[in-house]
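Peer 1: Starting off with a structure, shown below.
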Amino acid sequence: MTSSKVTVMLFLSFFVSSMIAASAGNFYQDFDVTFGDERAKILNGGQLLTLNLDKFSGSGFKSKNEYLFGRIDMQIKLVSGNSAGSVTAYYLSSQGPTHDEIDFEFLGNLSGDPYTLHTNVFSQGKGNREQQFHLWFDPTKAFHTYSIVWNSQRIIFLVDNIPIRVFTNLETIGVPFPKNQPMRIYSSLWNADDWATRGGLVKTDWTQAPFTASYRNFQVSTTSTNSLTEQSAWQTQGLDAPGRNRLRWVQQKFMVYNYCSDLKRFPQGLPVECRRSRF
């Protein structure tokens with residue numbers, strides 16, 4: 001490869017990286033604290049947000065804007081050490097009894113045991129579509145990117161841009177799909193030791209409090225924020241062959257629960273979407 005081509009490639013790489021950085025959100029501008037008062041802190045001029053949990057309260061935030069389809073990226077560093085009993089939730093949701101929701105929930109555990117990443121999709125108020133995973137890294141040591149791609153064809157859950165789950169629009173066979181209700185971004189850190197860790201057997205050790213989760217590099221791509229070229233990437237995004245291979249790798253190696261395999265839970269037959277392709 002000639003030196004001129006290398007120079008051009010390096011320039012393009014720098015340009016793209018600069019554009020990505022420039023598009024990152026600001027927590028002061030994009031979010032409101034919903035509870036926890038001083039336990040939720042916006043730092044570094046709006047570039048970092050921390051949530052804290054103590055024996056008296058957790059904390060949380062929500063986006064000022066609502067979104068109907070798009071790509072949402074957030075870098076999160078989870079509670080370290082003995083996080084048993086805590087839940088760090090990061091999700092999209094509308095409001096009301098027939099709300100739609102797209103969930104990441106991180107269920108804490110004893111020191112040395114893996115977090116459980118819980119995912120779910122609600123449409124028209126109905127969920128019960130849980131898949132759970134253990135991650136292939138320690139999510140407390142550094143920031144990792146958790147993303148939701150939501151378009152009219154499918155919802156893709158990604159961790160560090162690796163797909164872990166796809167929920168396909170199967171309205172043609174009667175499966176509700178979230179497509180009509182704009183949703184806000186929510187996140188919270190709260191105590192759920194009645195169920196979060198080993199079904200509630202392990203309780204929160206308050207001597208370890210306060211527990212802290214950190215957020216940075218929020219980015220959102222929607223029809224109102226991007227050019228036509230950028231829109232098309234997420235509006236039609238699916239999985240190519242390498243993406244399907246990565247999805248299979250995650251689901252074979254790291255999935256610990258799949259509602260589509262829970263015959264005891266569905267003795268009358270698995271949900272219809274479980275019998276169809278998810279890609």
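Chain labels A, B, ... are given in the sequence in which chains occur in the structure tokens; within each chain residues are numbered consecutively from 1, and ligands are likewise numbered from 1 in the order shown.
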Can you list every residue of range 148-254 of chain A that has an atom at most 7 Å from range 55-63 of chain A, with its nearest atom pair and the distance in Å to one decimal, using only C-alpha atoms, ordered by chain then number, as JSON lines?

Peer 2:
{"residue": "A:Arg184", "atom": "CA", "partner": "A:Ser63", "partner_atom": "CA", "distance": 5.6}
{"residue": "A:Ile185", "atom": "CA", "partner": "A:Ser63", "partner_atom": "CA", "distance": 5.1}
{"residue": "A:Tyr186", "atom": "CA", "partner": "A:Lys62", "partner_atom": "CA", "distance": 4.3}
{"residue": "A:Ser187", "atom": "CA", "partner": "A:Gly60", "partner_atom": "CA", "distance": 5.5}
{"residue": "A:Ser188", "atom": "CA", "partner": "A:Gly60", "partner_atom": "CA", "distance": 3.9}
{"residue": "A:Leu189", "atom": "CA", "partner": "A:Gly58", "partner_atom": "CA", "distance": 5.5}
{"residue": "A:Trp190", "atom": "CA", "partner": "A:Gly58", "partner_atom": "CA", "distance": 4.6}
{"residue": "A:Asn191", "atom": "CA", "partner": "A:Gly58", "partner_atom": "CA", "distance": 6.9}
{"residue": "A:Trp206", "atom": "CA", "partner": "A:Lys55", "partner_atom": "CA", "distance": 6.4}

Peer 1: Just write the chosen residues, C-alpha atoms, as a PDB file, in the first residue's frame.

Peer 2:
ATOM      1  CA  ARG A 184     -37.768   7.856  26.700  1.00  0.00           C
ATOM      2  CA  ILE A 185     -34.431   6.514  27.890  1.00  0.00           C
ATOM      3  CA  TYR A 186     -34.382   5.618  31.577  1.00  0.00           C
ATOM      4  CA  SER A 187     -31.717   4.358  33.932  1.00  0.00           C
ATOM      5  CA  SER A 188     -31.735   3.638  37.637  1.00  0.00           C
ATOM      6  CA  LEU A 189     -29.717   1.969  40.370  1.00  0.00           C
ATOM      7  CA  TRP A 190     -31.887   0.455  43.069  1.00  0.00           C
ATOM      8  CA  ASN A 191     -32.167  -2.232  45.724  1.00  0.00           C
ATOM      9  CA  TRP A 206     -25.059  -2.343  53.223  1.00  0.00           C
TER      10      TRP A 206
END

Peer 1: Name the residues in contact with range 233-236 of chain A at a cut-off of 9 Å, using only C-alpha atoms, excluding same-chain residues fewer than 4 positions from it; report them as a PDB file with N, CA, C and O atoms, in the first residue's frame.

Peer 2:
ATOM      1  N   PHE A  69     -38.037   4.934  17.204  1.00  0.00           N
ATOM      2  CA  PHE A  69     -36.995   4.279  16.413  1.00  0.00           C
ATOM      3  C   PHE A  69     -35.669   5.046  16.523  1.00  0.00           C
ATOM      4  O   PHE A  69     -35.636   6.248  16.775  1.00  0.00           O
ATOM      5  N   GLY A  70     -34.601   4.325  16.344  1.00  0.00           N
ATOM      6  CA  GLY A  70     -33.278   4.930  16.391  1.00  0.00           C
ATOM      7  C   GLY A  70     -32.242   3.944  16.903  1.00  0.00           C
ATOM      8  O   GLY A  70     -32.524   2.759  17.124  1.00  0.00           O
ATOM      9  N   ARG A  71     -31.037   4.464  17.094  1.00  0.00           N
ATOM     10  CA  ARG A  71     -29.961   3.720  17.733  1.00  0.00           C
ATOM     11  C   ARG A  71     -29.520   4.501  18.970  1.00  0.00           C
ATOM     12  O   ARG A  71     -29.226   5.697  18.877  1.00  0.00           O
ATOM     13  N   VAL A 149     -30.589  -1.006  18.881  1.00  0.00           N
ATOM     14  CA  VAL A 149     -31.010  -0.587  17.542  1.00  0.00           C
ATOM     15  C   VAL A 149     -32.479  -0.969  17.412  1.00  0.00           C
ATOM     16  O   VAL A 149     -32.847  -2.138  17.565  1.00  0.00           O
ATOM     17  N   TRP A 150     -33.307   0.012  17.123  1.00  0.00           N
ATOM     18  CA  TRP A 150     -34.760  -0.185  17.079  1.00  0.00           C
ATOM     19  C   TRP A 150     -35.285   0.415  15.791  1.00  0.00           C
ATOM     20  O   TRP A 150     -35.273   1.624  15.592  1.00  0.00           O
ATOM     21  N   ASN A 151     -35.688  -0.448  14.876  1.00  0.00           N
ATOM     22  CA  ASN A 151     -36.327   0.024  13.660  1.00  0.00           C
ATOM     23  C   ASN A 151     -37.632  -0.736  13.447  1.00  0.00           C
ATOM     24  O   ASN A 151     -38.049  -1.516  14.314  1.00  0.00           O
ATOM     25  N   SER A 152     -38.283  -0.520  12.348  1.00  0.00           N
ATOM     26  CA  SER A 152     -39.614  -1.104  12.149  1.00  0.00           C
ATOM     27  C   SER A 152     -39.560  -2.596  11.871  1.00  0.00           C
ATOM     28  O   SER A 152     -40.583  -3.277  11.942  1.00  0.00           O
ATOM     29  N   GLN A 153     -38.369  -3.132  11.583  1.00  0.00           N
ATOM     30  CA  GLN A 153     -38.243  -4.552  11.277  1.00  0.00           C
ATOM     31  C   GLN A 153     -37.792  -5.402  12.471  1.00  0.00           C
ATOM     32  O   GLN A 153     -38.149  -6.559  12.595  1.00  0.00           O
ATOM     33  N   ARG A 154     -36.993  -4.787  13.381  1.00  0.00           N
ATOM     34  CA  ARG A 154     -36.398  -5.589  14.447  1.00  0.00           C
ATOM     35  C   ARG A 154     -35.814  -4.687  15.530  1.00  0.00           C
ATOM     36  O   ARG A 154     -35.617  -3.487  15.336  1.00  0.00           O
ATOM     37  N   SER A 221     -28.999   8.214  17.570  1.00  0.00           N
ATOM     38  CA  SER A 221     -29.201   8.459  16.139  1.00  0.00           C
ATOM     39  C   SER A 221     -30.674   8.210  15.831  1.00  0.00           C
ATOM     40  O   SER A 221     -31.171   7.105  16.029  1.00  0.00           O
ATOM     41  N   THR A 222     -31.350   9.240  15.381  1.00  0.00           N
ATOM     42  CA  THR A 222     -32.764   9.127  15.017  1.00  0.00           C
ATOM     43  C   THR A 222     -32.982   9.888  13.716  1.00  0.00           C
ATOM     44  O   THR A 222     -32.073  10.503  13.176  1.00  0.00           O
ATOM     45  N   THR A 223     -34.207   9.851  13.244  1.00  0.00           N
ATOM     46  CA  THR A 223     -34.519  10.561  12.003  1.00  0.00           C
ATOM     47  C   THR A 223     -34.338  12.059  12.153  1.00  0.00           C
ATOM     48  O   THR A 223     -34.141  12.763  11.167  1.00  0.00           O
ATOM     49  N   THR A 229     -27.856   9.523   4.989  1.00  0.00           N
ATOM     50  CA  THR A 229     -26.932   8.385   4.957  1.00  0.00           C
ATOM     51  C   THR A 229     -26.874   7.704   6.305  1.00  0.00           C
ATOM     52  O   THR A 229     -26.949   6.484   6.414  1.00  0.00           O
TER      53      THR A 229
END

Peer 1: Determine the nearest neighbour of His99 in chain A from the options A:Gly127, A:Gly112, A:Gly45, A:Pro267, counting only C-alpha atoms.

Peer 2: A:Gly127

Peer 1: With a distance cut-off of 12 Å and only C-alpha atoms, select the neighbouring residues of Tyr90 in chain A, excluding the residue or stretch itself and same-chain residues fewer than 3 positions from it, and output the selection as number ranges by chain.

Peer 2: A: 51, 60-63, 72-76, 78, 87, 93, 101-107, 117-120, 145-148, 157, 184-190, 213-215, 218

Peer 1: Measure the distance from CA of Arg276 in chain A to CA of Asp160 in chain A in Å and round it to one decimal.

Peer 2: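 Distance between the two atoms: 26.5 Å.
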
Peer 1: Counting only C-alpha atoms, figure out which residue out of A:Ala142, A:Val159, A:Val250, A:Asp100 gets nearest to Phe177 in chain A.

Peer 2: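 Of all the options, A:Asp100 lies closest to Phe177 in chain A.
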
Peer 1: Can you list, as an mmCIF file with N, CA and C atoms, in the first residue's frame, all residues belonging to range 27-262 of chain A that DSSP tags as strand (DSSP E)?

Peer 2:
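Ended up saving to out38.cif:
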data_model
loop_
_atom_site.group_PDB
_atom_site.id
_atom_site.type_symbol
_atom_site.label_atom_id
_atom_site.label_comp_id
_atom_site.auth_asym_id
_atom_site.auth_seq_id
_atom_site.Cartn_x
_atom_site.Cartn_y
_atom_site.Cartn_z
ATOM 1 N N PHE A 31 -30.691 14.907 29.787
ATOM 2 C CA PHE A 31 -31.322 14.077 30.814
ATOM 3 C C PHE A 31 -31.750 14.899 32.020
ATOM 4 N N ASP A 32 -32.749 14.366 32.728
ATOM 5 C CA ASP A 32 -33.196 14.902 34.009
ATOM 6 C C ASP A 32 -33.057 13.817 35.076
ATOM 7 N N VAL A 33 -32.640 14.206 36.266
ATOM 8 C CA VAL A 33 -32.627 13.278 37.406
ATOM 9 C C VAL A 33 -34.066 13.034 37.833
ATOM 10 N N THR A 34 -34.427 11.758 38.024
ATOM 11 C CA THR A 34 -35.811 11.415 38.371
ATOM 12 C C THR A 34 -36.000 11.136 39.854
ATOM 13 N N PHE A 35 -34.977 10.623 40.524
ATOM 14 C CA PHE A 35 -35.067 10.427 41.971
ATOM 15 C C PHE A 35 -33.660 10.243 42.525
ATOM 16 N N ALA A 40 -27.538 11.179 42.454
ATOM 17 C CA ALA A 40 -27.280 11.246 41.014
ATOM 18 C C ALA A 40 -26.454 12.495 40.742
ATOM 19 N N LYS A 41 -25.284 12.327 40.160
ATOM 20 C CA LYS A 41 -24.360 13.447 39.969
ATOM 21 C C LYS A 41 -23.922 13.537 38.513
ATOM 22 N N ILE A 42 -23.994 14.741 37.969
ATOM 23 C CA ILE A 42 -23.483 15.014 36.628
ATOM 24 C C ILE A 42 -22.150 15.742 36.781
ATOM 25 N N LEU A 43 -21.118 15.199 36.153
ATOM 26 C CA LEU A 43 -19.752 15.667 36.372
ATOM 27 C C LEU A 43 -19.076 15.996 35.048
ATOM 28 N N LEU A 48 -20.049 13.052 32.190
ATOM 29 C CA LEU A 48 -20.090 11.867 33.055
ATOM 30 C C LEU A 48 -21.269 11.988 34.001
ATOM 31 N N LEU A 49 -21.959 10.866 34.232
ATOM 32 C CA LEU A 49 -23.048 10.825 35.201
ATOM 33 C C LEU A 49 -22.842 9.605 36.097
ATOM 34 N N THR A 50 -23.022 9.779 37.394
ATOM 35 C CA THR A 50 -22.938 8.649 38.320
ATOM 36 C C THR A 50 -24.248 8.513 39.088
ATOM 37 N N LEU A 51 -24.670 7.278 39.277
ATOM 38 C CA LEU A 51 -25.805 6.950 40.131
ATOM 39 C C LEU A 51 -25.280 6.228 41.366
ATOM 40 N N ASN A 52 -25.882 6.538 42.518
ATOM 41 C CA ASN A 52 -25.476 5.906 43.766
ATOM 42 C C ASN A 52 -26.676 5.302 44.467
ATOM 43 N N LEU A 53 -26.397 4.232 45.195
ATOM 44 C CA LEU A 53 -27.403 3.532 45.989
ATOM 45 C C LEU A 53 -26.875 3.401 47.408
ATOM 46 N N SER A 59 -31.137 5.876 42.885
ATOM 47 C CA SER A 59 -31.193 7.101 42.089
ATOM 48 C C SER A 59 -31.445 6.739 40.636
ATOM 49 N N GLY A 60 -31.836 7.739 39.853
ATOM 50 C CA GLY A 60 -32.143 7.454 38.459
ATOM 51 C C GLY A 60 -32.231 8.713 37.619
ATOM 52 N N PHE A 61 -32.308 8.523 36.312
ATOM 53 C CA PHE A 61 -32.460 9.638 35.380
ATOM 54 C C PHE A 61 -33.279 9.196 34.178
ATOM 55 N N LYS A 62 -33.767 10.173 33.408
ATOM 56 C CA LYS A 62 -34.491 9.893 32.177
ATOM 57 C C LYS A 62 -34.150 10.948 31.148
ATOM 58 N N SER A 63 -34.344 10.606 29.881
ATOM 59 C CA SER A 63 -34.051 11.549 28.806
ATOM 60 C C SER A 63 -35.134 12.626 28.731
ATOM 61 N N GLY A 70 -34.601 4.325 16.344
ATOM 62 C CA GLY A 70 -33.278 4.930 16.391
ATOM 63 C C GLY A 70 -32.242 3.944 16.903
ATOM 64 N N ARG A 71 -31.037 4.464 17.094
ATOM 65 C CA ARG A 71 -29.961 3.720 17.733
ATOM 66 C C ARG A 71 -29.520 4.501 18.970
ATOM 67 N N ILE A 72 -29.490 3.796 20.111
ATOM 68 C CA ILE A 72 -29.097 4.384 21.377
ATOM 69 C C ILE A 72 -27.834 3.679 21.858
ATOM 70 N N ASP A 73 -26.800 4.454 22.191
ATOM 71 C CA ASP A 73 -25.555 3.911 22.736
ATOM 72 C C ASP A 73 -25.258 4.588 24.065
ATOM 73 N N MET A 74 -24.841 3.778 25.038
ATOM 74 C CA MET A 74 -24.418 4.321 26.326
ATOM 75 C C MET A 74 -23.255 3.481 26.844
ATOM 76 N N GLN A 75 -22.206 4.163 27.297
ATOM 77 C CA GLN A 75 -21.118 3.450 27.969
ATOM 78 C C GLN A 75 -21.397 3.452 29.462
ATOM 79 N N ILE A 76 -21.313 2.255 30.069
ATOM 80 C CA ILE A 76 -21.639 2.087 31.484
ATOM 81 C C ILE A 76 -20.523 1.287 32.157
ATOM 82 N N LYS A 77 -20.168 1.705 33.364
ATOM 83 C CA LYS A 77 -19.313 0.908 34.235
ATOM 84 C C LYS A 77 -20.134 0.550 35.463
ATOM 85 N N SER A 86 -28.387 -5.506 44.135
ATOM 86 C CA SER A 86 -28.588 -4.277 43.370
ATOM 87 C C SER A 86 -28.986 -4.587 41.929
ATOM 88 N N VAL A 87 -29.716 -3.662 41.330
ATOM 89 C CA VAL A 87 -30.066 -3.747 39.919
ATOM 90 C C VAL A 87 -29.740 -2.407 39.272
ATOM 91 N N THR A 88 -28.981 -2.459 38.181
ATOM 92 C CA THR A 88 -28.743 -1.283 37.356
ATOM 93 C C THR A 88 -29.573 -1.462 36.095
ATOM 94 N N ALA A 89 -30.586 -0.634 35.928
ATOM 95 C CA ALA A 89 -31.501 -0.749 34.791
ATOM 96 C C ALA A 89 -31.207 0.343 33.776
ATOM 97 N N TYR A 90 -31.252 -0.026 32.507
ATOM 98 C CA TYR A 90 -31.021 0.908 31.392
ATOM 99 C C TYR A 90 -31.972 0.480 30.287
ATOM 100 N N TYR A 91 -32.949 1.329 29.959
ATOM 101 C CA TYR A 91 -34.028 0.852 29.102
ATOM 102 C C TYR A 91 -34.749 2.003 28.417
ATOM 103 N N LEU A 92 -35.517 1.638 27.401
ATOM 104 C CA LEU A 92 -36.448 2.545 26.735
ATOM 105 C C LEU A 92 -37.856 2.183 27.191
ATOM 106 N N SER A 93 -38.692 3.194 27.424
ATOM 107 C CA SER A 93 -40.059 2.890 27.829
ATOM 108 C C SER A 93 -40.988 4.044 27.515
ATOM 109 N N GLU A 101 -41.611 -1.281 25.931
ATOM 110 C CA GLU A 101 -40.377 -1.186 26.709
ATOM 111 C C GLU A 101 -39.327 -2.112 26.112
ATOM 112 N N ILE A 102 -38.070 -1.649 26.124
ATOM 113 C CA ILE A 102 -36.928 -2.438 25.657
ATOM 114 C C ILE A 102 -35.876 -2.365 26.756
ATOM 115 N N ASP A 103 -35.558 -3.491 27.376
ATOM 116 C CA ASP A 103 -34.808 -3.512 28.637
ATOM 117 C C ASP A 103 -33.418 -4.108 28.557
ATOM 118 N N PHE A 104 -32.460 -3.406 29.163
ATOM 119 C CA PHE A 104 -31.248 -3.988 29.730
ATOM 120 C C PHE A 104 -31.364 -3.853 31.249
ATOM 121 N N GLU A 105 -31.166 -4.939 31.997
ATOM 122 C CA GLU A 105 -31.066 -4.871 33.445
ATOM 123 C C GLU A 105 -29.868 -5.707 33.879
ATOM 124 N N PHE A 106 -29.041 -5.128 34.740
ATOM 125 C CA PHE A 106 -27.837 -5.799 35.209
ATOM 126 C C PHE A 106 -28.060 -6.193 36.660
ATOM 127 N N LEU A 107 -28.118 -7.494 36.905
ATOM 128 C CA LEU A 107 -28.415 -8.010 38.236
ATOM 129 C C LEU A 107 -27.105 -8.285 38.959
ATOM 130 N N THR A 116 -25.555 -10.907 35.941
ATOM 131 C CA THR A 116 -26.521 -11.428 34.981
ATOM 132 C C THR A 116 -27.109 -10.247 34.217
ATOM 133 N N LEU A 117 -26.976 -10.276 32.901
ATOM 134 C CA LEU A 117 -27.585 -9.263 32.037
ATOM 135 C C LEU A 117 -28.950 -9.780 31.601
ATOM 136 N N HIS A 118 -29.983 -9.106 32.045
ATOM 137 C CA HIS A 118 -31.373 -9.491 31.801
ATOM 138 C C HIS A 118 -31.926 -8.598 30.696
ATOM 139 N N THR A 119 -32.515 -9.191 29.662
ATOM 140 C CA THR A 119 -33.140 -8.418 28.586
ATOM 141 C C THR A 119 -34.607 -8.807 28.465
ATOM 142 N N ASN A 120 -35.413 -7.842 28.017
ATOM 143 C CA ASN A 120 -36.838 -8.108 27.833
ATOM 144 C C ASN A 120 -37.394 -7.114 26.824
ATOM 145 N N VAL A 121 -38.492 -7.482 26.196
ATOM 146 C CA VAL A 121 -39.205 -6.600 25.263
ATOM 147 C C VAL A 121 -40.680 -6.625 25.636
ATOM 148 N N PHE A 122 -41.247 -5.446 25.879
ATOM 149 C CA PHE A 122 -42.673 -5.295 26.122
ATOM 150 C C PHE A 122 -43.305 -4.629 24.906
ATOM 151 N N GLN A 131 -34.555 -12.930 28.086
ATOM 152 C CA GLN A 131 -33.327 -13.671 27.824
ATOM 153 C C GLN A 131 -32.258 -13.103 28.739
ATOM 154 N N GLN A 132 -31.441 -13.992 29.314
ATOM 155 C CA GLN A 132 -30.417 -13.571 30.260
ATOM 156 C C GLN A 132 -29.059 -14.105 29.834
ATOM 157 N N PHE A 133 -28.020 -13.334 30.165
ATOM 158 C CA PHE A 133 -26.667 -13.659 29.731
ATOM 159 C C PHE A 133 -25.676 -13.377 30.851
ATOM 160 N N HIS A 144 -18.097 -0.137 29.144
ATOM 161 C CA HIS A 144 -18.448 -0.903 27.957
ATOM 162 C C HIS A 144 -19.713 -0.299 27.362
ATOM 163 N N THR A 145 -19.883 -0.484 26.055
ATOM 164 C CA THR A 145 -20.975 0.152 25.336
ATOM 165 C C THR A 145 -22.155 -0.808 25.190
ATOM 166 N N TYR A 146 -23.310 -0.351 25.634
ATOM 167 C CA TYR A 146 -24.553 -1.126 25.547
ATOM 168 C C TYR A 146 -25.500 -0.364 24.616
ATOM 169 N N SER A 147 -25.951 -1.043 23.565
ATOM 170 C CA SER A 147 -26.673 -0.366 22.485
ATOM 171 C C SER A 147 -27.991 -1.055 22.183
ATOM 172 N N ILE A 148 -28.946 -0.240 21.762
ATOM 173 C CA ILE A 148 -30.230 -0.722 21.263
ATOM 174 C C ILE A 148 -30.427 -0.136 19.872
ATOM 175 N N VAL A 149 -30.589 -1.006 18.881
ATOM 176 C CA VAL A 149 -31.010 -0.587 17.542
ATOM 177 C C VAL A 149 -32.479 -0.969 17.412
ATOM 178 N N TRP A 150 -33.307 0.012 17.123
ATOM 179 C CA TRP A 150 -34.760 -0.185 17.079
ATOM 180 C C TRP A 150 -35.285 0.415 15.791
ATOM 181 N N ARG A 154 -36.993 -4.787 13.381
ATOM 182 C CA ARG A 154 -36.398 -5.589 14.447
ATOM 183 C C ARG A 154 -35.814 -4.687 15.530
ATOM 184 N N ILE A 155 -35.530 -5.334 16.669
ATOM 185 C CA ILE A 155 -34.785 -4.711 17.762
ATOM 186 C C ILE A 155 -33.518 -5.535 17.961
ATOM 187 N N ILE A 156 -32.371 -4.883 17.985
ATOM 188 C CA ILE A 156 -31.101 -5.566 18.182
ATOM 189 C C ILE A 156 -30.473 -5.040 19.474
ATOM 190 N N PHE A 157 -30.133 -5.953 20.370
ATOM 191 C CA PHE A 157 -29.383 -5.612 21.578
ATOM 192 C C PHE A 157 -27.910 -5.899 21.300
ATOM 193 N N LEU A 158 -27.037 -4.927 21.603
ATOM 194 C CA LEU A 158 -25.612 -5.097 21.349
ATOM 195 C C LEU A 158 -24.792 -4.734 22.588
ATOM 196 N N VAL A 159 -23.698 -5.459 22.778
ATOM 197 C CA VAL A 159 -22.719 -5.167 23.817
ATOM 198 C C VAL A 159 -21.373 -4.995 23.133
ATOM 199 N N ILE A 162 -21.363 -6.051 19.640
ATOM 200 C CA ILE A 162 -21.581 -7.472 19.369
ATOM 201 C C ILE A 162 -23.053 -7.777 19.643
ATOM 202 N N PRO A 163 -23.801 -8.286 18.672
ATOM 203 C CA PRO A 163 -25.220 -8.569 18.914
ATOM 204 C C PRO A 163 -25.394 -9.735 19.873
ATOM 205 N N ILE A 164 -26.250 -9.538 20.868
ATOM 206 C CA ILE A 164 -26.543 -10.621 21.809
ATOM 207 C C ILE A 164 -27.978 -11.116 21.673
ATOM 208 N N ARG A 165 -28.828 -10.291 21.066
ATOM 209 C CA ARG A 165 -30.238 -10.683 20.940
ATOM 210 C C ARG A 165 -30.875 -9.899 19.810
ATOM 211 N N VAL A 166 -31.779 -10.559 19.080
ATOM 212 C CA VAL A 166 -32.589 -9.903 18.048
ATOM 213 C C VAL A 166 -34.047 -10.263 18.298
ATOM 214 N N PHE A 167 -34.906 -9.245 18.342
ATOM 215 C CA PHE A 167 -36.350 -9.467 18.427
ATOM 216 C C PHE A 167 -36.965 -8.943 17.142
ATOM 217 N N THR A 168 -37.470 -9.864 16.337
ATOM 218 C CA THR A 168 -37.939 -9.537 14.988
ATOM 219 C C THR A 168 -39.418 -9.156 14.989
ATOM 220 N N ARG A 184 -38.908 7.169 26.092
ATOM 221 C CA ARG A 184 -37.768 7.856 26.700
ATOM 222 C C ARG A 184 -36.721 6.826 27.136
ATOM 223 N N ILE A 185 -35.499 7.313 27.313
ATOM 224 C CA ILE A 185 -34.431 6.514 27.890
ATOM 225 C C ILE A 185 -34.474 6.690 29.403
ATOM 226 N N TYR A 186 -34.416 5.591 30.121
ATOM 227 C CA TYR A 186 -34.382 5.618 31.577
ATOM 228 C C TYR A 186 -33.187 4.816 32.073
ATOM 229 N N SER A 187 -32.669 5.215 33.229
ATOM 230 C CA SER A 187 -31.717 4.358 33.932
ATOM 231 C C SER A 187 -31.875 4.589 35.423
ATOM 232 N N SER A 188 -31.618 3.537 36.186
ATOM 233 C CA SER A 188 -31.735 3.638 37.637
ATOM 234 C C SER A 188 -30.841 2.598 38.297
ATOM 235 N N LEU A 189 -30.448 2.902 39.511
ATOM 236 C CA LEU A 189 -29.717 1.969 40.370
ATOM 237 C C LEU A 189 -30.519 1.843 41.644
ATOM 238 N N TRP A 190 -30.948 0.617 41.963
ATOM 239 C CA TRP A 190 -31.887 0.455 43.069
ATOM 240 C C TRP A 190 -31.697 -0.902 43.747
ATOM 241 N N ASN A 191 -32.270 -1.009 44.934
ATOM 242 C CA ASN A 191 -32.167 -2.232 45.724
ATOM 243 C C ASN A 191 -33.321 -3.169 45.391
ATOM 244 N N PHE A 211 -23.098 2.168 46.660
ATOM 245 C CA PHE A 211 -22.819 1.467 45.409
ATOM 246 C C PHE A 211 -22.934 2.485 44.269
ATOM 247 N N THR A 212 -22.039 2.386 43.293
ATOM 248 C CA THR A 212 -21.974 3.409 42.246
ATOM 249 C C THR A 212 -21.904 2.781 40.858
ATOM 250 N N ALA A 213 -22.738 3.281 39.945
ATOM 251 C CA ALA A 213 -22.652 2.954 38.515
ATOM 252 C C ALA A 213 -22.368 4.255 37.770
ATOM 253 N N SER A 214 -21.541 4.179 36.724
ATOM 254 C CA SER A 214 -21.107 5.377 36.002
ATOM 255 C C SER A 214 -21.480 5.282 34.530
ATOM 256 N N TYR A 215 -21.787 6.457 33.938
ATOM 257 C CA TYR A 215 -22.263 6.541 32.555
ATOM 258 C C TYR A 215 -21.485 7.627 31.809
ATOM 259 N N ARG A 216 -21.210 7.361 30.532
ATOM 260 C CA ARG A 216 -20.581 8.373 29.686
ATOM 261 C C ARG A 216 -20.874 8.065 28.214
ATOM 262 N N ASN A 217 -20.501 9.001 27.354
ATOM 263 C CA ASN A 217 -20.563 8.817 25.893
ATOM 264 C C ASN A 217 -21.933 8.351 25.409
ATOM 265 N N PHE A 218 -22.984 9.009 25.907
ATOM 266 C CA PHE A 218 -24.321 8.773 25.372
ATOM 267 C C PHE A 218 -24.386 9.288 23.940
ATOM 268 N N GLN A 219 -24.932 8.458 23.044
ATOM 269 C CA GLN A 219 -25.153 8.874 21.665
ATOM 270 C C GLN A 219 -26.517 8.357 21.201
ATOM 271 N N VAL A 220 -27.183 9.158 20.413
ATOM 272 C CA VAL A 220 -28.459 8.742 19.854
ATOM 273 C C VAL A 220 -28.498 9.112 18.382
ATOM 274 N N SER A 221 -28.999 8.214 17.570
ATOM 275 C CA SER A 221 -29.201 8.459 16.139
ATOM 276 C C SER A 221 -30.674 8.210 15.831
ATOM 277 N N MET A 255 -25.503 -17.372 27.108
ATOM 278 C CA MET A 255 -26.907 -17.282 27.492
ATOM 279 C C MET A 255 -27.181 -18.249 28.641
ATOM 280 N N VAL A 256 -27.849 -17.745 29.695
ATOM 281 C CA VAL A 256 -28.166 -18.580 30.854
ATOM 282 C C VAL A 256 -29.669 -18.777 31.028
ATOM 283 N N TYR A 257 -30.485 -18.007 30.311
ATOM 284 C CA TYR A 257 -31.929 -18.243 30.314
ATOM 285 C C TYR A 257 -32.516 -17.725 29.012
ATOM 286 N N ASN A 258 -33.459 -18.502 28.465
ATOM 287 C CA ASN A 258 -34.162 -18.115 27.240
ATOM 288 C C ASN A 258 -35.614 -18.555 27.374
#

Peer 1: Step one, run DSSP on the backbone; step two, keep only residues of range 7-251 of chain A assigned to helix (DSSP H, G or I); then write them as a VMD selection string.

Peer 2: chain A and resid 7 to 22 27 to 30 37 to 39 44 to 46 171 to 173 198 to 200 206 to 208 228 to 235 241 to 251

Peer 1: Which residue, A:Arg275, A:Lys253, A:Trp195, A:Lys179, has the smallest gap to Trp136 in chain A when you use only C-alpha atoms?

Peer 2: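 Counting only C-alpha atoms, the residue closest to Trp136 in chain A is A:Lys253.
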
Peer 1: Between A:Ile173, A:Arg244, A:Phe254, A:Gln47, which residue has the minimum interatomic distance to Cys274 in chain A, considering only C-alpha atoms?

Peer 2: A:Ile173

Peer 1: Rounded to one decimal place, report the CA of Arg39 in chain A-CA of Pro210 in chain A distance in Å.

Peer 2: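 Here the two named atoms are 9.2 Å from each other.
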
Peer 1: Just the residues within 12 Å of Gly96 in chain A, please, counting only C-alpha atoms, with nothing from its chain fewer than 4 positions along; format it as a ChimeraX atom specification.

Peer 2: /A:100-101,123-126,181,183

Peer 1: Can you tell me which residues surround Ala84 in chain A at a distance of at most 6 Å, considering only C-alpha atoms, apart from same-chain residues fewer than 3 positions away, and format the answer as a PyMOL selection string?

Peer 2: chain A and resi 108-110+197+204
